[in-house]
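> Pasting a structure below so you can have a look.
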Amino acid sequence: MKNRVFGRAASALVIGIVLGLSCSQAAAQTCPNLIGRWPYGSATAVAVNGDRAYLSSGTVLFVLDVTTPAAPGVLGELVLPDIANAVAVNGNHVYVALGYGGLRAIDVSNPAMPVEVGFLDTLGNAVDVSVGSTYAYVADPSGGELRVVSITNPAMMNEVGSLATPGAASAIELVGALAYIADGVGGLAVVSVATPSSPTLLGGVDTPGYAVDVVVANDIAYVADSASGLRVISVANPANPSELGFIDSLYSAKGVAVDGNLAFVADSYGGFKQIDVSNPASPALVGPLGVGGRADAVVEDGGFAWVVVDSAGLVVVDASVSGSPTIEGIYRTAGYSTSISATAGLAYVGVYPGGLRVIDVTAPAAPVELWTTEALASVRQVVLSGWHAYLPVLNAGLEIFDLSTPSAPVHLTEKVPGTDLRIYVLSIDAISAL
């Protein structure tokens with residue numbers, strides 16, 4: 001499935017409540033222990049199935065209603081033990097590749113109350129998952145392996161076979177009895193999974209870059225090859241795939257999806273790219289589109305490209321017209337935490353892009369968001385003085401908020417314009433006097 005992000009640290013906006021400041025063999029009881037978290041964060045992966053989208057944000061899996069792509073809405077959510085790398089759908093179950101947290105099976109038959117029903121320790125770093133009717137196929141680059149997992153009973157998943165790939169298995173596209181693997185430094189690997197207990201390497205192509213994603217359509221594999229762009233490879237003969245063409249004038253291809261003669265590329269900081277592949281020997285860029293952040297993954301469904309953008313969330317792109325992709329809608333996730341101050345049971349978190357969040361941490365095991373604003377640029381620091389917060393903001397100067405009502409802070413004023421302002425103080429009184 002084209003729904004994962006790999007090869008980066010996926011930063012979540014997680015407020016960890018920690019007990020203890022030091023750890024030693026002589027005083028093990030002083031080791032820090034995480035006792036609570038506010039789990040929302042940047043977007044990391046998505047899968048779309050009809051009028052439902054399953055989006056991971058921080059350590060949360062959202063079930064979204066995307067009946068109206070311009071206005072996705074939340075139906076339900078589930079907090080996971082870690083940040084998801086990939087999401088795949090099979091009927092009423094969603095399978096999540098959770099890195100070193102293994103493979104998770106989530107029952108979404110009631111979208112308002114998704115619940116984890118199964119877990120399998122994959123003994124490595126699960127970065128992608130693709131599902132068939134009775135098996136899930138997990139990519140693990142840490143061991144360079146494809147793992148085949150029986151999901152006949154999602155509550156009792158078990159590994160039935162595995163294969164060490166030539167490179168670092170990073171993404172999987174399942175087509176019938178063949179698994180096409182974006183194999184990192186190994187390029188593209190084609191594996192027969194006709195016998196799940198004994199997957200067999202049939203052939204491959206050593207691409208010039210680092211293959212991180214792959215999608216297959218009409219006997220052609222489209223490989224996101226990082227800095228080496230998009231590679232177009234014939235797989236008409238799975239034992240002897242051959243490159244037909246490429247386009248390498250991209251920033252860094254992280255994800256790929258295809259709809260007819262158009263390929264969609266999540267191009268990292270280069271945004272979204274629409275590429276004409278009607279002539280496989282000569283792919284042509286026809287529609288670049290900025291998406292407000294780093295485009296890390298993309299899937300195609302219902303005539304739309306669903307783009308995972310780290311700081312912006314899920315960006316829905318109408319890419320049906322060659323040369324004219326447009327943003328149809330956005331579901332915004334929490335973004336990255338950049339700074340924090342805390343006092344009197346409240347945490348004040350600066351967020352990128354553009355926000356301040358007030359979180360009640362009176363009950364450390366169950367933090368609750370009281371208020372948020374997204375009307376700021378990049379908050380560099382949060383400094384508290386009494387019931388006032390002072391926020392140096394990139395390209396905007398100093399923002400000041402009255403926090404006397406934590407659930408409804410008041411934006412007082414903006415001072416000291418500049419391009420990269422930070423506050424350095426010897427006394428908090430120096431800020432109070434600004």
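A note on labels: chains of the structure tokens are A, B, ... as shown, every chain counts residues from 1, and ligands are counted from 1 in their shown order.
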At a cut-off of 10 Å, using only C-alpha atoms, what residues contact Leu384 (chain A)? Leave out same-chain residues fewer than 2 positions from it and give the result as an mmCIF file with N, CA and C atoms, in the first residue's frame.


```
data_model
loop_
_atom_site.group_PDB
_atom_site.id
_atom_site.type_symbol
_atom_site.label_atom_id
_atom_site.label_comp_id
_atom_site.auth_asym_id
_atom_site.auth_seq_id
_atom_site.Cartn_x
_atom_site.Cartn_y
_atom_site.Cartn_z
ATOM 1 N N ILE A 340 8.080 24.410 24.981
ATOM 2 C CA ILE A 340 7.092 24.166 26.033
ATOM 3 C C ILE A 340 7.489 24.891 27.300
ATOM 4 N N SER A 341 6.474 25.428 28.004
ATOM 5 C CA SER A 341 6.631 25.925 29.365
ATOM 6 C C SER A 341 5.443 25.410 30.152
ATOM 7 N N ALA A 342 5.617 25.233 31.452
ATOM 8 C CA ALA A 342 4.543 24.683 32.267
ATOM 9 C C ALA A 342 4.521 25.346 33.624
ATOM 10 N N THR A 343 3.304 25.531 34.143
ATOM 11 C CA THR A 343 3.134 26.081 35.472
ATOM 12 C C THR A 343 1.710 25.800 35.935
ATOM 13 N N TYR A 348 2.066 24.885 28.205
ATOM 14 C CA TYR A 348 1.887 25.784 27.071
ATOM 15 C C TYR A 348 2.886 25.360 26.004
ATOM 16 N N GLN A 381 9.715 29.761 21.004
ATOM 17 C CA GLN A 381 9.924 29.652 22.445
ATOM 18 C C GLN A 381 8.648 30.100 23.144
ATOM 19 N N VAL A 382 8.375 29.564 24.313
ATOM 20 C CA VAL A 382 7.260 30.022 25.140
ATOM 21 C C VAL A 382 7.831 30.413 26.498
ATOM 22 N N GLY A 386 3.951 35.346 35.235
ATOM 23 C CA GLY A 386 2.610 35.494 35.787
ATOM 24 C C GLY A 386 1.600 34.829 34.876
ATOM 25 N N TRP A 387 0.567 35.574 34.504
ATOM 26 C CA TRP A 387 -0.453 35.037 33.605
ATOM 27 C C TRP A 387 -0.267 35.550 32.186
ATOM 28 N N HIS A 388 0.986 35.773 31.800
ATOM 29 C CA HIS A 388 1.265 36.194 30.423
ATOM 30 C C HIS A 388 2.266 35.232 29.775
ATOM 31 N N ALA A 389 2.063 34.998 28.494
ATOM 32 C CA ALA A 389 2.996 34.193 27.709
ATOM 33 C C ALA A 389 3.603 35.086 26.641
ATOM 34 N N TYR A 390 4.919 34.970 26.461
ATOM 35 C CA TYR A 390 5.651 35.742 25.466
ATOM 36 C C TYR A 390 6.244 34.764 24.465
ATOM 37 N N LEU A 391 5.865 34.943 23.202
ATOM 38 C CA LEU A 391 6.229 33.977 22.168
ATOM 39 C C LEU A 391 7.010 34.666 21.051
ATOM 40 N N ILE A 400 2.222 38.306 22.423
ATOM 41 C CA ILE A 400 1.951 38.296 23.856
ATOM 42 C C ILE A 400 0.500 37.864 24.084
ATOM 43 N N PHE A 401 0.317 36.904 25.003
ATOM 44 C CA PHE A 401 -1.017 36.402 25.324
ATOM 45 C C PHE A 401 -1.301 36.552 26.804
ATOM 46 N N LEU A 403 -3.082 34.864 29.769
ATOM 47 C CA LEU A 403 -3.489 33.493 30.059
ATOM 48 C C LEU A 403 -4.351 33.383 31.313
ATOM 49 N N ILE A 428 13.165 37.148 34.619
ATOM 50 C CA ILE A 428 11.868 37.170 33.972
ATOM 51 C C ILE A 428 11.278 38.564 33.993
ATOM 52 N N ILE A 431 11.474 40.540 30.765
ATOM 53 C CA ILE A 431 10.440 40.326 29.765
ATOM 54 C C ILE A 431 9.164 41.044 30.196
ATOM 55 N N SER A 432 8.838 40.978 31.459
ATOM 56 C CA SER A 432 7.613 41.606 31.948
ATOM 57 C C SER A 432 7.615 43.092 31.629
#
```

> I need the residues of region 2-239 of chain A that end up classed as strand (DSSP E) by DSSP on the backbone, written out as a PyMOL selection string.

chain A and resi 17-19+33-36+43-49+52-57+60-65+73-79+86-90+93-97+103-107+115-120+128-131+135-140+145-150+158-164+171-175+178-182+188-192+200-205+213-217+220-224+230-234

> Just C-alpha atoms for this one: save the residues we selected as a CSV table (one decimal), in the first residue's frame.


```
chain,number,residue,atom,x,y,z
A,17,ILE,CA,4.8,13.4,32.0
A,18,VAL,CA,8.0,12.0,33.5
A,19,LEU,CA,8.8,11.0,37.1
A,33,ASN,CA,8.9,6.8,33.9
A,34,LEU,CA,6.5,8.0,31.3
A,35,ILE,CA,3.1,8.2,33.0
A,36,GLY,CA,1.0,10.1,30.5
A,43,ALA,CA,0.8,13.2,10.0
A,44,THR,CA,2.7,10.0,9.1
A,45,ALA,CA,0.6,7.7,7.1
A,46,VAL,CA,-2.8,7.2,5.4
A,47,ALA,CA,-4.9,4.6,3.7
A,48,VAL,CA,-8.2,5.5,1.9
A,49,ASN,CA,-11.0,3.1,1.2
A,52,ARG,CA,-13.2,6.4,4.8
A,53,ALA,CA,-9.6,7.5,5.4
A,54,TYR,CA,-7.4,6.1,8.1
A,55,LEU,CA,-4.8,8.7,9.1
A,56,SER,CA,-2.0,8.4,11.7
A,57,SER,CA,-1.1,11.6,13.6
A,60,VAL,CA,-3.2,8.4,17.1
A,61,LEU,CA,-5.1,6.6,14.4
A,62,PHE,CA,-8.0,8.7,13.1
A,63,VAL,CA,-11.0,7.3,11.3
A,64,LEU,CA,-12.1,10.1,8.9
A,65,ASP,CA,-15.3,10.5,6.9
A,73,GLY,CA,-14.4,14.9,9.4
A,74,VAL,CA,-13.4,12.8,12.4
A,75,LEU,CA,-15.6,9.7,13.1
A,76,GLY,CA,-13.3,8.1,15.7
A,77,GLU,CA,-9.8,7.7,17.0
A,78,LEU,CA,-7.5,5.3,18.8
A,79,VAL,CA,-4.3,6.0,20.6
A,86,ALA,CA,2.0,2.5,7.5
A,87,VAL,CA,-1.7,1.8,7.4
A,88,ALA,CA,-3.5,-0.8,5.2
A,89,VAL,CA,-7.2,-1.7,5.0
A,90,ASN,CA,-8.8,-5.2,4.7
A,93,HIS,CA,-9.9,-4.2,9.8
A,94,VAL,CA,-7.0,-1.8,9.6
A,95,TYR,CA,-3.4,-3.1,9.9
A,96,VAL,CA,-0.8,-0.7,11.2
A,97,ALA,CA,3.0,-1.1,10.8
A,103,LEU,CA,2.0,-5.2,13.5
A,104,ARG,CA,-1.4,-4.1,14.9
A,105,ALA,CA,-4.8,-5.2,13.9
A,106,ILE,CA,-7.6,-2.6,14.5
A,107,ASP,CA,-11.3,-3.4,14.2
A,115,VAL,CA,-10.4,-1.0,18.9
A,116,GLU,CA,-7.1,-3.0,18.7
A,117,VAL,CA,-7.9,-6.7,18.5
A,118,GLY,CA,-4.5,-8.2,17.6
A,119,PHE,CA,-0.8,-7.7,17.8
A,120,LEU,CA,2.2,-9.5,16.4
A,128,ASP,CA,5.2,-0.9,5.6
A,129,VAL,CA,2.3,-3.4,5.3
A,130,SER,CA,0.3,-4.5,2.4
A,131,VAL,CA,-2.7,-6.9,2.8
A,135,TYR,CA,-2.2,-12.6,4.5
A,136,ALA,CA,-0.4,-9.4,5.4
A,137,TYR,CA,3.1,-8.6,4.0
A,138,VAL,CA,5.4,-6.6,6.2
A,139,ALA,CA,8.5,-4.7,5.1
A,140,ASP,CA,11.4,-4.7,7.7
A,145,GLU,CA,13.2,-8.8,5.2
A,146,LEU,CA,9.8,-9.4,3.8
A,147,ARG,CA,7.6,-11.1,6.4
A,148,VAL,CA,4.4,-13.0,5.5
A,149,VAL,CA,1.7,-13.0,8.3
A,150,SER,CA,-1.5,-14.9,8.4
A,158,ASN,CA,1.1,-15.4,13.1
A,159,GLU,CA,4.1,-15.3,10.8
A,160,VAL,CA,4.2,-18.1,8.3
A,161,GLY,CA,7.2,-17.2,6.1
A,162,SER,CA,9.9,-14.6,5.4
A,163,LEU,CA,12.5,-13.7,2.9
A,164,ALA,CA,15.7,-11.7,3.1
A,171,ALA,CA,7.6,-0.7,0.9
A,172,ILE,CA,5.4,-3.4,-0.6
A,173,GLU,CA,2.9,-3.4,-3.5
A,174,LEU,CA,0.9,-6.6,-3.7
A,175,VAL,CA,-0.4,-7.7,-7.1
A,178,LEU,CA,3.6,-11.1,-6.6
A,179,ALA,CA,5.0,-8.7,-4.1
A,180,TYR,CA,6.9,-5.7,-5.6
A,181,ILE,CA,9.3,-4.4,-3.0
A,182,ALA,CA,11.0,-1.0,-2.8
A,188,LEU,CA,13.2,-3.0,-6.9
A,189,ALA,CA,12.7,-6.6,-5.9
A,190,VAL,CA,10.0,-8.9,-7.3
A,191,VAL,CA,9.0,-11.7,-5.1
A,192,SER,CA,6.6,-14.6,-5.6
A,200,THR,CA,10.8,-16.6,-3.6
A,201,LEU,CA,12.9,-13.8,-5.2
A,202,LEU,CA,12.2,-13.8,-8.9
A,203,GLY,CA,14.1,-10.8,-10.2
A,204,GLY,CA,14.9,-7.1,-9.6
A,205,VAL,CA,16.4,-3.9,-10.8
A,213,ASP,CA,8.0,3.3,-2.4
A,214,VAL,CA,6.5,1.4,-5.4
A,215,VAL,CA,3.2,1.1,-7.1
A,216,VAL,CA,2.3,-1.1,-10.1
A,217,ALA,CA,-0.2,-0.6,-12.9
A,220,ILE,CA,4.7,-1.2,-15.1
A,221,ALA,CA,6.3,-0.5,-11.7
A,222,TYR,CA,6.7,3.2,-10.6
A,223,VAL,CA,9.5,3.5,-8.0
A,224,ALA,CA,10.1,6.5,-5.7
A,230,LEU,CA,10.8,8.5,-10.2
A,231,ARG,CA,11.9,5.3,-12.1
A,232,VAL,CA,9.6,3.7,-14.6
A,233,ILE,CA,10.2,-0.1,-14.8
A,234,SER,CA,8.6,-2.8,-17.0
```

> Considering only C-alpha atoms, return as a ChimeraX atom specification whatever protein or nucleic-acid residues lie within 10 Å of Gly270 (chain A), sequence-local ones (same chain, fewer than 6 positions apart) excluded.

/A:250-253,288-291,293-295

> Would you please work out which residue, of A:Ser109, A:Asp219, A:Val379, A:Tyr331, is nearest to Gly397 (chain A) when using only C-alpha atoms?

A:Val379

> List as a VMD selection string the protein and nucleic acid residues near Asp318 (chain A), meaning an atom at most 8 Å away when only C-alpha atoms are counted, but skip any in the same chain fewer than 6 places from it.

chain A and resid 303 to 305 325 to 328

> Please produce a file of the residues just selected, as a PDB file, in the first residue's frame, where the atoms kept are N, CA and C atoms.


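What follows is the written file selection_9.pdb:
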```pdb
ATOM      1  N   GLY A 303     -10.264   9.287  -7.682  1.00  0.00           N
ATOM      2  CA  GLY A 303      -9.895  10.420  -8.519  1.00  0.00           C
ATOM      3  C   GLY A 303      -9.123  11.500  -7.793  1.00  0.00           C
ATOM      4  N   PHE A 304      -8.805  11.268  -6.533  1.00  0.00           N
ATOM      5  CA  PHE A 304      -8.047  12.243  -5.755  1.00  0.00           C
ATOM      6  C   PHE A 304      -6.708  11.653  -5.327  1.00  0.00           C
ATOM      7  N   ALA A 305      -5.739  12.531  -5.134  1.00  0.00           N
ATOM      8  CA  ALA A 305      -4.471  12.157  -4.514  1.00  0.00           C
ATOM      9  C   ALA A 305      -4.552  12.592  -3.061  1.00  0.00           C
ATOM     10  N   PRO A 325      -3.302  20.364 -11.009  1.00  0.00           N
ATOM     11  CA  PRO A 325      -3.691  19.851  -9.692  1.00  0.00           C
ATOM     12  C   PRO A 325      -4.086  20.998  -8.770  1.00  0.00           C
ATOM     13  N   THR A 326      -5.110  20.782  -7.973  1.00  0.00           N
ATOM     14  CA  THR A 326      -5.571  21.802  -7.027  1.00  0.00           C
ATOM     15  C   THR A 326      -5.883  21.151  -5.686  1.00  0.00           C
ATOM     16  N   ILE A 327      -5.716  21.918  -4.619  1.00  0.00           N
ATOM     17  CA  ILE A 327      -6.042  21.409  -3.290  1.00  0.00           C
ATOM     18  C   ILE A 327      -7.548  21.458  -3.102  1.00  0.00           C
ATOM     19  N   GLU A 328      -8.127  20.282  -2.841  1.00  0.00           N
ATOM     20  CA  GLU A 328      -9.567  20.164  -2.653  1.00  0.00           C
ATOM     21  C   GLU A 328      -9.955  20.363  -1.190  1.00  0.00           C
TER      22      GLU A 328
END
```

> What's the separation between CA of Gly255 (chain A) and CA of Ala297 (chain A), in Å to one decimal place?

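Rounded to one decimal, the two atoms are 4.5 Å apart.
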
> Closest to Ala266 (chain A) among A:Ser226, A:Asn240, A:Ser404, A:Thr152, using only C-alpha atoms?

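Result for the nearest residue to Ala266 (chain A): A:Ser226.
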
> Mind giving me the straight-line distance from CA of Ala227 (chain A) to CA of Tyr210 (chain A) in Å, one decimal?

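That distance, rounded to one decimal, is 7.6 Å.
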
> Find the residues near Gly50 (chain A): any atom within 10 Å, counting only C-alpha atoms, skip ones fewer than 6 places away on the same chain, and give them as a PyMOL selection string.

chain A and resi 65-67+301-302

> Mind pulling up the distance from CA of Gly271 (chain A) to CA of Arg357 (chain A)?

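One can read the CA of Arg357 (chain A) to CA of Gly271 (chain A) distance as 26.8 Å.
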
> Which one of A:Asn237, A:Gly323, A:Asp248, A:Val316 sits closest to Gln274 (chain A) if you count only C-alpha atoms?

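Closest to Gln274 (chain A) of all the choices is A:Gly323.
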
> If we count only C-alpha atoms and set the cut-off at 7 Å, which residues sit around Phe264 (chain A), ignoring sequence neighbours fewer than 3 positions away in its own chain? Please answer as a VMD selection string.

chain A and resid 256 to 258 273 to 275

> With only C-alpha atoms as the basis for distance, which of A:Thr165, A:Thr362, A:Ser228, A:Ser42 is at the shortest distance from Tyr336 (chain A)?

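Closest candidate: A:Ser42.
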